[in-house]
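Chemist: My file is my_file-v9.cif. It has mmCIF, C-alpha atoms and all ligand atoms:
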```
data_start
loop_
_atom_site.label_atom_id
_atom_site.label_comp_id
_atom_site.auth_asym_id
_atom_site.auth_seq_id
_atom_site.Cartn_x
_atom_site.Cartn_y
_atom_site.Cartn_z
CA MET A 1194 0.00 0.00 0.00
CA GLU A 1195 1.27 3.49 -0.85
CA LEU A 1196 0.76 6.43 1.52
CA TRP A 1197 0.53 9.97 0.12
CA TYR A 1198 0.25 13.37 1.81
CA THR A 1199 -1.93 15.62 -0.34
CA GLU A 1200 -2.49 19.34 0.11
CA GLU A 1201 -5.17 21.23 -1.77
CA HIS A 1202 -3.47 24.31 -3.21
CA THR A 1203 -6.70 25.45 -4.88
CA LYS A 1204 -10.07 23.78 -5.39
CA ASN A 1205 -8.63 22.49 -8.69
CA ALA A 1206 -4.94 21.86 -7.96
CA LYS A 1207 -3.36 19.48 -5.48
CA PHE A 1208 0.22 18.79 -4.39
CA SER A 1209 1.27 15.33 -3.12
CA ILE A 1210 4.31 13.81 -1.43
CA LYS A 1211 4.81 10.07 -1.07
CA VAL A 1212 5.05 9.27 2.65
CA GLU A 1213 7.23 6.55 4.17
CA GLU A 1214 5.50 6.78 7.55
CA GLN A 1215 3.62 9.15 9.81
CA ILE A 1216 5.77 9.62 12.91
CA HIS A 1217 3.63 11.88 15.07
CA SER A 1218 0.11 13.29 15.30
CA GLU A 1219 -1.55 15.39 17.98
CA LYS A 1220 -4.20 18.04 18.37
CA SER A 1221 -3.20 21.10 20.39
CA GLU A 1222 -5.47 23.81 21.72
CA PHE A 1223 -4.76 25.72 18.49
CA GLN A 1224 -4.24 23.28 15.62
CA LYS A 1225 -3.60 19.75 14.40
CA ILE A 1226 0.11 18.87 14.28
CA ASP A 1227 1.39 16.03 12.05
CA PHE A 1228 4.91 14.81 11.28
CA PHE A 1229 5.82 12.54 8.37
CA LYS A 1230 8.91 10.92 6.91
CA SER A 1231 9.37 11.02 3.14
CA LYS A 1232 12.10 10.10 0.65
CA GLU A 1233 11.82 13.29 -1.40
CA PHE A 1234 11.63 15.95 1.34
CA GLY A 1235 12.91 14.11 4.43
CA THR A 1236 10.95 14.75 7.64
CA PHE A 1237 8.20 17.32 7.25
CA PHE A 1238 5.41 18.67 9.41
CA THR A 1239 2.00 20.15 8.75
CA LEU A 1240 -0.37 22.32 10.79
CA ASP A 1241 -4.06 21.76 10.09
CA GLY A 1242 -3.04 19.84 6.97
CA LEU A 1243 -0.83 22.60 5.51
CA MET A 1244 2.91 22.15 4.85
CA MET A 1245 5.05 24.16 7.27
CA VAL A 1246 8.62 22.95 7.16
CA ASN A 1247 10.56 20.08 5.60
CA GLU A 1248 14.21 19.07 5.76
CA LYS A 1249 14.85 19.61 2.06
CA ASP A 1250 13.69 23.16 1.32
CA GLU A 1251 13.64 24.83 4.77
CA PHE A 1252 17.01 26.53 4.04
CA ILE A 1253 15.38 28.68 1.36
CA TYR A 1254 12.73 30.16 3.66
CA HIS A 1255 15.05 30.63 6.64
CA ASP A 1256 17.91 32.14 4.63
CA MET A 1257 15.60 34.68 3.07
CA ILE A 1258 13.68 35.72 6.17
CA VAL A 1259 16.88 36.36 8.16
CA HIS A 1260 19.80 37.34 5.91
CA VAL A 1261 17.98 40.01 3.86
CA PRO A 1262 17.35 42.29 6.87
CA MET A 1263 20.69 41.39 8.50
CA ALA A 1264 22.65 42.41 5.39
CA THR A 1265 20.63 45.63 5.19
CA ASN A 1266 21.48 46.64 8.77
CA PRO A 1267 24.42 44.75 10.33
CA ASN A 1268 23.90 46.65 13.61
CA ILE A 1269 20.75 44.75 14.53
CA LYS A 1270 21.02 43.74 18.18
CA ARG A 1271 17.51 42.99 19.45
CA VAL A 1272 15.23 40.72 17.46
CA LEU A 1273 11.64 39.57 17.94
CA VAL A 1274 10.45 36.43 16.11
CA ILE A 1275 6.68 35.92 16.03
CA GLY A 1276 5.64 32.33 15.32
CA GLY A 1277 8.58 30.34 13.96
CA GLY A 1278 7.95 27.36 16.27
CA ASP A 1279 10.18 25.05 14.21
CA GLY A 1280 13.21 27.14 15.26
CA GLY A 1281 14.72 27.59 11.77
CA THR A 1282 14.57 31.37 11.89
CA VAL A 1283 16.19 31.45 15.33
CA ARG A 1284 18.89 29.06 14.09
CA GLU A 1285 19.91 31.48 11.33
CA LEU A 1286 19.79 34.50 13.69
CA THR A 1287 22.13 32.83 16.20
CA ARG A 1288 24.84 32.72 13.52
CA TYR A 1289 25.34 36.48 14.04
CA ASN A 1290 27.58 37.11 17.07
CA THR A 1291 26.48 40.76 16.99
CA ILE A 1292 22.88 39.92 17.90
CA GLU A 1293 22.40 40.25 21.67
CA GLN A 1294 18.78 39.26 22.25
CA ILE A 1295 16.32 37.03 20.38
CA ASP A 1296 12.77 36.87 21.76
CA MET A 1297 10.56 34.26 20.13
CA VAL A 1298 6.80 34.42 20.71
CA GLU A 1299 5.07 31.24 19.60
CA ILE A 1300 1.41 30.65 20.40
CA ASP A 1301 1.70 26.86 20.48
CA GLU A 1302 4.30 25.27 22.77
CA LYS A 1303 3.39 21.85 21.38
CA VAL A 1304 4.82 22.82 17.96
CA VAL A 1305 8.15 23.72 19.56
CA ARG A 1306 8.36 20.56 21.64
CA ALA A 1307 7.49 18.34 18.68
CA CYS A 1308 10.08 20.09 16.46
CA GLU A 1309 12.74 19.63 19.15
CA LYS A 1310 12.01 15.92 19.01
CA TYR A 1311 11.41 15.29 15.30
CA LEU A 1312 13.02 18.21 13.47
CA PRO A 1313 16.33 19.00 15.22
CA ILE A 1314 17.70 20.37 11.95
CA THR A 1315 15.68 23.54 12.59
CA ALA A 1316 15.09 23.43 16.38
CA CYS A 1317 18.80 23.04 17.23
CA LYS A 1318 19.49 26.56 18.54
CA LEU A 1319 16.50 27.24 20.75
CA GLN A 1320 18.71 26.70 23.82
CA ASP A 1321 21.16 29.48 22.81
CA SER A 1322 21.66 31.78 25.82
CA ARG A 1323 20.43 34.83 23.84
CA VAL A 1324 17.07 33.18 23.06
CA ASN A 1325 13.99 33.82 25.23
CA LEU A 1326 10.90 31.75 24.45
CA TYR A 1327 7.42 33.11 25.18
CA PHE A 1328 4.41 30.90 24.61
CA GLN A 1329 1.65 33.40 23.90
CA ASP A 1330 -0.22 35.14 21.11
CA GLY A 1331 2.11 37.42 19.13
CA LEU A 1332 -0.74 39.87 18.68
CA GLU A 1333 -0.97 40.37 22.45
CA PHE A 1334 2.80 40.38 22.97
CA VAL A 1335 3.46 43.39 20.73
CA LYS A 1336 0.63 45.44 22.27
CA ASN A 1337 2.70 46.49 25.27
CA THR A 1338 6.09 46.88 23.62
CA ASP A 1339 7.54 50.29 22.70
CA ASN A 1340 10.70 51.12 20.78
CA VAL A 1341 12.50 47.93 21.72
CA TYR A 1342 13.40 45.85 18.68
CA ASP A 1343 15.72 46.53 15.71
CA LEU A 1344 14.08 43.70 13.79
CA ILE A 1345 10.74 41.89 13.93
CA LEU A 1346 10.34 38.70 11.88
CA VAL A 1347 6.79 37.45 11.44
CA ASP A 1348 7.28 33.75 10.71
CA SER A 1349 3.61 32.87 10.81
CA THR A 1350 1.05 30.49 9.42
CA ASP A 1351 -1.50 31.76 6.88
CA PRO A 1352 -4.25 34.23 7.88
CA ILE A 1353 -6.65 31.49 8.94
CA GLY A 1354 -6.75 29.97 12.43
CA PRO A 1355 -4.29 31.29 15.06
CA GLY A 1356 -2.30 33.27 12.46
CA GLU A 1357 -5.24 35.48 11.48
CA GLY A 1358 -4.43 38.27 13.96
CA LEU A 1359 -0.90 38.55 12.56
CA PHE A 1360 -2.28 39.98 9.32
CA THR A 1361 -4.31 42.82 10.87
CA GLU A 1362 -3.66 46.55 10.79
CA GLU A 1363 -3.71 46.61 14.58
CA PHE A 1364 -0.84 44.10 14.66
CA TYR A 1365 1.28 45.95 12.06
CA ASN A 1366 0.69 49.21 13.93
CA ASN A 1367 1.90 47.66 17.17
CA CYS A 1368 4.96 46.29 15.35
CA LEU A 1369 5.71 49.83 14.16
CA LYS A 1370 5.58 51.00 17.79
CA ALA A 1371 7.67 48.10 19.03
CA LEU A 1372 10.47 48.88 16.57
CA SER A 1373 13.37 51.24 17.23
CA GLU A 1374 13.99 54.21 14.91
CA GLU A 1375 16.17 51.94 12.76
CA GLY A 1376 13.63 49.12 12.91
CA ILE A 1377 12.82 46.61 10.16
CA LEU A 1378 9.75 44.35 9.88
CA VAL A 1379 9.88 41.25 7.67
CA ASN A 1380 6.67 39.29 7.36
CA GLN A 1381 5.40 36.16 5.64
CA HIS A 1382 3.60 37.84 2.75
CA GLU A 1383 1.77 34.99 0.99
CA SER A 1384 2.02 34.41 -2.77
CA PRO A 1385 1.00 36.28 -5.94
CA TYR A 1386 0.05 33.26 -8.01
CA TYR A 1387 -3.20 31.62 -6.96
CA ASP A 1388 -6.16 33.94 -6.39
CA ARG A 1389 -6.72 33.23 -2.71
CA ASP A 1390 -3.05 33.76 -1.80
CA ALA A 1391 -2.82 36.85 -4.03
CA HIS A 1392 -5.83 38.32 -2.27
CA GLU A 1393 -4.09 37.91 1.12
CA MET A 1394 -0.85 39.29 -0.31
CA LYS A 1395 -2.64 42.45 -1.42
CA ARG A 1396 -4.48 42.87 1.86
CA ALA A 1397 -1.24 42.63 3.84
CA HIS A 1398 0.58 45.00 1.49
CA ARG A 1399 -2.18 47.61 1.64
CA LYS A 1400 -2.03 47.71 5.44
CA ILE A 1401 1.75 47.77 5.79
CA LYS A 1402 2.26 50.37 3.04
CA LYS A 1403 -0.10 52.75 4.83
CA LEU A 1404 1.95 52.61 8.03
CA PHE A 1405 5.65 52.33 7.13
CA PRO A 1406 7.77 54.94 5.27
CA ILE A 1407 9.48 52.14 3.30
CA SER A 1408 7.52 49.08 2.23
CA LYS A 1409 8.78 46.56 -0.34
CA VAL A 1410 8.16 42.95 -1.27
CA TYR A 1411 10.72 40.30 -2.21
CA GLN A 1412 10.42 36.81 -3.62
CA PHE A 1413 11.86 33.35 -3.13
CA HIS A 1414 11.20 29.89 -4.54
CA MET A 1415 9.66 27.39 -2.19
CA PRO A 1416 8.97 24.06 -3.92
CA THR A 1417 6.45 22.83 -1.34
CA TYR A 1418 4.33 26.00 -0.95
CA PRO A 1419 1.40 26.65 -3.31
CA SER A 1420 2.77 27.52 -6.79
CA GLY A 1421 6.34 27.50 -5.40
CA HIS A 1422 6.48 31.30 -5.70
CA TRP A 1423 6.38 32.94 -2.29
CA LEU A 1424 6.99 36.41 -0.86
CA PHE A 1425 8.24 38.25 2.20
CA GLY A 1426 7.35 41.84 3.00
CA PHE A 1427 10.17 44.21 4.02
CA ALA A 1428 8.97 47.32 5.85
CA SER A 1429 11.16 49.82 7.61
CA LYS A 1430 11.37 53.24 9.18
CA LYS A 1431 14.74 54.08 7.65
CA PHE A 1432 16.46 51.41 5.55
CA ASP A 1433 15.85 50.64 1.89
CA PRO A 1434 16.86 46.98 1.38
CA VAL A 1435 18.25 47.57 -2.11
CA LYS A 1436 19.98 50.96 -1.69
CA ASP A 1437 21.25 50.31 1.83
CA ILE A 1438 22.52 46.72 1.54
CA LYS A 1439 26.03 46.41 3.05
CA VAL A 1440 27.50 44.02 0.50
CA LYS A 1441 31.09 44.04 1.73
CA ALA A 1442 30.23 43.96 5.43
CA TRP A 1443 27.93 40.97 4.96
CA ASN A 1444 30.39 39.05 2.77
CA ASP A 1445 33.21 39.77 5.22
CA LEU A 1446 31.27 37.87 7.88
CA GLY A 1447 32.07 34.68 5.94
CA LEU A 1448 28.71 33.05 6.66
CA LYS A 1449 28.13 30.03 4.45
CA THR A 1450 24.61 30.00 3.02
CA LYS A 1451 23.01 27.64 0.54
CA TYR A 1452 20.38 30.00 -0.96
CA TYR A 1453 21.10 33.59 0.08
CA ASN A 1454 23.83 35.74 -1.44
CA THR A 1455 24.09 39.49 -1.81
CA ASP A 1456 23.41 39.44 -5.58
CA LEU A 1457 20.24 37.43 -4.99
CA HIS A 1458 19.28 39.86 -2.20
CA VAL A 1459 19.13 42.73 -4.71
CA GLY A 1460 17.55 40.58 -7.42
CA SER A 1461 14.81 39.25 -5.15
CA PHE A 1462 13.24 42.73 -5.04
CA ALA A 1463 12.92 42.78 -8.87
CA LEU A 1464 9.38 41.50 -9.25
CA PRO A 1465 7.60 40.09 -12.31
CA THR A 1466 5.32 42.61 -14.01
CA TYR A 1467 2.07 40.93 -12.96
CA VAL A 1468 3.20 40.92 -9.31
CA ARG A 1469 4.15 44.60 -9.48
CA GLU A 1470 0.76 45.39 -10.97
CA LEU A 1471 -1.06 43.44 -8.27
CA LEU A 1472 0.86 45.31 -5.56
CA GLU A 1473 0.35 48.69 -7.23
CA SER A 1474 -3.37 47.99 -7.50
CA VAL A 1475 -3.72 48.32 -3.71
CA ASP A 1476 -3.45 52.11 -4.17
CA GLU A 1477 -6.48 52.25 -6.48
N1 LIG A 1501 7.49 28.60 7.48
C1 LIG A 1501 6.15 28.37 7.81
C2 LIG A 1501 5.14 28.71 6.78
O1 LIG A 1501 4.99 29.89 6.41
O2 LIG A 1501 4.46 27.79 6.33
C3 LIG A 1501 5.75 28.92 9.11
C4 LIG A 1501 6.53 28.29 10.18
S1 LIG A 1501 6.07 28.38 11.82
C5 LIG A 1501 5.75 26.67 12.09
C6 LIG A 1501 4.52 29.17 12.00
C7 LIG A 1501 4.12 29.22 13.47
O3 LIG A 1501 3.33 30.37 13.73
C8 LIG A 1501 3.31 28.02 13.96
O4 LIG A 1501 4.10 27.23 14.80
C9 LIG A 1501 2.12 28.65 14.71
O5 LIG A 1501 1.80 28.00 15.91
C10 LIG A 1501 2.63 30.07 14.92
N2 LIG A 1501 1.56 31.05 15.12
C11 LIG A 1501 0.37 31.13 14.46
N3 LIG A 1501 -0.36 32.16 14.93
C12 LIG A 1501 0.38 32.75 15.92
C13 LIG A 1501 0.16 33.85 16.79
N4 LIG A 1501 -0.99 34.55 16.74
N5 LIG A 1501 1.14 34.18 17.68
C14 LIG A 1501 2.29 33.48 17.72
N6 LIG A 1501 2.55 32.42 16.93
C15 LIG A 1501 1.62 32.06 16.04
#
```
Mind converting the file's structure to structure tokens?
Modeler:
Amino acid sequence: MELWYTEEHTKNAKFSIKVEEQIHSEKSEFQKIDFFKSKEFGTFFTLDGLMMVNEKDEFIYHDMIVHVPMATNPNIKRVLVIGGGDGGTVRELTRYNTIEQIDMVEIDEKVVRACEKYLPITACKLQDSRVNLYFQDGLEFVKNTDNVYDLILVDSTDPIGPGEGLFTEEFYNNCLKALSEEGILVNQHESPYYDRDAHEMKRAHRKIKKLFPISKVYQFHMPTYPSGHWLFGFASKKFDPVKDIKVKAWNDLGLKTKYYNTDLHVGSFALPTYVRELLESVDE
């Protein structure tokens, strides 16, 4: 008998991975958590039936969420990660000796504990002495925070279920307040390709653009996410990610990365025409 994991990317398009075995399944207060082993993508886990992280392509997502802002402002010292329960974003952040504090606010402790057990490739740095874990809603956490962080990374699920609040204007406004004068916000910005994802992409962009002096979008290729074409938002009070990138400073750090490089950094902000038009249409 063959076992397949299938995710509905639209009502008319599905994506499947052949599964060797299911290694874990539980229902938390917030969502259903499942772990599988596969030949093609190694161990992977899903929340409410949607792909989150797998061993094969996680480097793409985690390189791009972390190194783009870090190469834009190498003086980042205090970082807030919202979501990110698999630990991959924290793992990349801990590679910078210059970062002094990493607060991670994850709503679901069960995701973190399961990743520590089944996905150590991403959860391996959660014990770093600079990391503080908070198990609470990110929306609530940023409400009472003023001028504290140089960087906020929103490593969230989609805007359904517990992640919904992380796509609201109230949340982005509180992020703006929680950031220092040099602050940068990078958020999971959905995808331009399928209608439902493009709708969420536009909604998020409209809200962030209204609030931040600089608001851009950059792309990366994620084989296991719907259409494979995914985006992060880059919003900031001061830094432009293309004009202000510190190419030499970042390369002098000597960090070995498998996806990110400083040429790609600049190129990732060059968007296809239809994506530009979709983003520009939020002004109409
Ligand atoms: N790379 C992944 C993706 O985009 O598919 C996301 C990774 S990470 C597993 C997303 C995490 O966000 C989940 O563990 C989920 O529990 C957490 N999360 C969802 N809503 C949240 C909220 N309101 N506050 C804090 N964490 C939240």
Chemist: With segment 1243-1260 of chain A as the partner and 12 Å as the cut-off, tabulate the residues of segment 1369-1448 of chain A that qualify, each row holding the nearest pair of atoms and their distance in Å to one decimal, using only C-alpha atoms, sorted by chain and rising number, as CSV.
Modeler:
```
residue,atom,partner,partner_atom,distance
A:Ile1377,CA,A:Val1259,CA,11.2
A:Leu1378,CA,A:Ile1258,CA,10.2
A:Val1379,CA,A:Ile1258,CA,6.9
A:Asn1380,CA,A:Ile1258,CA,8.0
A:Gln1381,CA,A:Ile1258,CA,8.3
A:His1382,CA,A:Ile1258,CA,10.9
A:Val1410,CA,A:Ile1258,CA,11.8
A:Tyr1411,CA,A:Met1257,CA,9.1
A:Gln1412,CA,A:Met1257,CA,8.7
A:Phe1413,CA,A:Met1257,CA,7.4
A:His1414,CA,A:Ile1253,CA,7.3
A:Met1415,CA,A:Asp1250,CA,6.8
A:Pro1416,CA,A:Asp1250,CA,7.1
A:Thr1417,CA,A:Met1244,CA,7.2
A:Tyr1418,CA,A:Met1244,CA,7.1
A:Pro1419,CA,A:Met1244,CA,9.4
A:Gly1421,CA,A:Asp1250,CA,10.9
A:His1422,CA,A:Tyr1254,CA,11.3
A:Trp1423,CA,A:Tyr1254,CA,9.1
A:Leu1424,CA,A:Tyr1254,CA,9.6
A:Phe1425,CA,A:Ile1258,CA,7.2
A:Gly1426,CA,A:Ile1258,CA,9.4
A:Phe1427,CA,A:Ile1258,CA,9.4
A:Pro1434,CA,A:His1260,CA,11.0
A:Ile1438,CA,A:His1260,CA,10.7
A:Lys1439,CA,A:His1260,CA,11.4
A:Val1440,CA,A:His1260,CA,11.5
A:Trp1443,CA,A:His1260,CA,9.0
A:Asn1444,CA,A:His1260,CA,11.2
A:Leu1446,CA,A:His1260,CA,11.7
A:Leu1448,CA,A:His1260,CA,9.9
```
Chemist: List as a tab-separated table every residue of chain A that is in contact with ligand LIG 1501 (chain A), defined as an atom at most 7 Å from one of its atoms (using all atoms listed in the file), together with the nearest atom pair and the distance in Å rounded to one decimal, sorted by chain and then rising number.
Modeler:
```
residue	atom	partner	partner_atom	distance
A:Met1244	CA	A:LIG1501	O2	6.0
A:Met1245	CA	A:LIG1501	O2	3.8
A:Val1246	CA	A:LIG1501	N1	5.8
A:Tyr1254	CA	A:LIG1501	N1	6.7
A:Ile1275	CA	A:LIG1501	C14	5.3
A:Gly1276	CA	A:LIG1501	O3	3.4
A:Gly1277	CA	A:LIG1501	S1	3.8
A:Gly1278	CA	A:LIG1501	O4	4.1
A:Asp1279	CA	A:LIG1501	C5	5.2
A:Val1298	CA	A:LIG1501	C14	5.5
A:Glu1299	CA	A:LIG1501	N6	3.9
A:Ile1300	CA	A:LIG1501	C14	4.0
A:Asp1301	CA	A:LIG1501	O5	4.7
A:Val1304	CA	A:LIG1501	O4	5.5
A:Gln1329	CA	A:LIG1501	C14	6.2
A:Asp1330	CA	A:LIG1501	N5	3.8
A:Gly1331	CA	A:LIG1501	N5	3.7
A:Leu1332	CA	A:LIG1501	N4	5.7
A:Asp1348	CA	A:LIG1501	C3	5.3
A:Ser1349	CA	A:LIG1501	O3	3.9
A:Thr1350	CA	A:LIG1501	C6	4.5
A:Asp1351	CA	A:LIG1501	O1	6.8
A:Pro1355	CA	A:LIG1501	N3	4.0
A:Gly1356	CA	A:LIG1501	N3	3.3
A:Glu1357	CA	A:LIG1501	N4	6.8
A:Gly1358	CA	A:LIG1501	N4	5.8
A:Leu1359	CA	A:LIG1501	N4	5.8
A:Gln1381	CA	A:LIG1501	O1	6.3
```
Chemist: May I ask which of the residues A:Lys1336, A:His1217, A:Arg1284, A:Lys1230 is the closest one to Trp1197 of chain A, counting all atoms listed in the file?
Modeler: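 Residue with the minimum atom-to-atom distance to Trp1197 of chain A: A:Lys1230.
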Chemist: Tell me, in Å to one decimal, how far atom CA of Leu1240 of chain A is from atom CA of Gln1224 of chain A.
Modeler: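 Spanning atom CA of Leu1240 of chain A to atom CA of Gln1224 of chain A is a straight-line distance of 6.3 Å.
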Chemist: Report, in Å with one decimal, the straight-line distance from atom CA of Ala1442 of chain A to atom CA of Met1263 of chain A.
Modeler: 10.3 Å
Chemist: Taking into account all atoms listed in the file, which residue in the set A:Cys1308, A:Ile1407, A:Leu1196, A:Leu1344 is nearest to Thr1239 of chain A?
Modeler: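 Ranked by minimum distance to Thr1239 of chain A, first place goes to A:Cys1308.
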Chemist: Do a neighbour search on Met1394 of chain A at 9 Å with all atoms listed in the file, toss out local chain neighbours closer than 6 positions, and write the hits as an NGL selection string.
Modeler: :A and (1382-1385 or 1424 or 1471-1472)
Chemist: What does the file look like for those residues with C-alpha atoms, as a PDB file, in the coordinates of the input?
Modeler:
```
ATOM      1  CA  HIS A1382       3.600  37.840   2.750  1.00  0.00           C
ATOM      2  CA  GLU A1383       1.770  34.990   0.990  1.00  0.00           C
ATOM      3  CA  SER A1384       2.020  34.410  -2.770  1.00  0.00           C
ATOM      4  CA  PRO A1385       1.000  36.280  -5.940  1.00  0.00           C
ATOM      5  CA  LEU A1424       6.990  36.410  -0.860  1.00  0.00           C
ATOM      6  CA  LEU A1471      -1.060  43.440  -8.270  1.00  0.00           C
ATOM      7  CA  LEU A1472       0.860  45.310  -5.560  1.00  0.00           C
TER       8      LEU A1472
END
```
Chemist: Quick one: residues within 9 Å of Asn1337 of chain A, all atoms listed in the file, excluding same-chain residues fewer than 4 positions away - as a PDB file with C-alpha atoms, keeping the file's coordinate frame?
Modeler:
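Now in part17.pdb:
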```pdb
ATOM      1  CA  GLU A1333      -0.970  40.370  22.450  1.00  0.00           C
ATOM      2  CA  ASN A1367       1.900  47.660  17.170  1.00  0.00           C
ATOM      3  CA  ALA A1371       7.670  48.100  19.030  1.00  0.00           C
TER       4      ALA A1371
END
```
Chemist: Residues near Asn1268 of chain A, anyone? I mean within 9 Å using only C-alpha atoms, not counting same-chain ones fewer than 3 positions away, as a VMD selection string.
Modeler: chain A and resid 1263 1291 to 1292 1343
Chemist: Could you write those residues out with C-alpha atoms, as a short mmCIF file (atom, residue, chain, number, x, y, z; two decimals), in the frame of the given file?
Modeler:
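What landed in out.cif:
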```
data_model
loop_
_atom_site.label_atom_id
_atom_site.label_comp_id
_atom_site.auth_asym_id
_atom_site.auth_seq_id
_atom_site.Cartn_x
_atom_site.Cartn_y
_atom_site.Cartn_z
CA MET A 1263 20.69 41.39 8.50
CA THR A 1291 26.48 40.76 16.99
CA ILE A 1292 22.88 39.92 17.90
CA ASP A 1343 15.72 46.53 15.71
#
```
Chemist: Given the choices A:Phe1360, A:Tyr1452, A:Phe1328, A:Tyr1365, which gets closest to Ile1345 of chain A if the distance is worked out from all atoms listed in the file?
Modeler: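 Result for the nearest residue to Ile1345 of chain A: A:Tyr1365.
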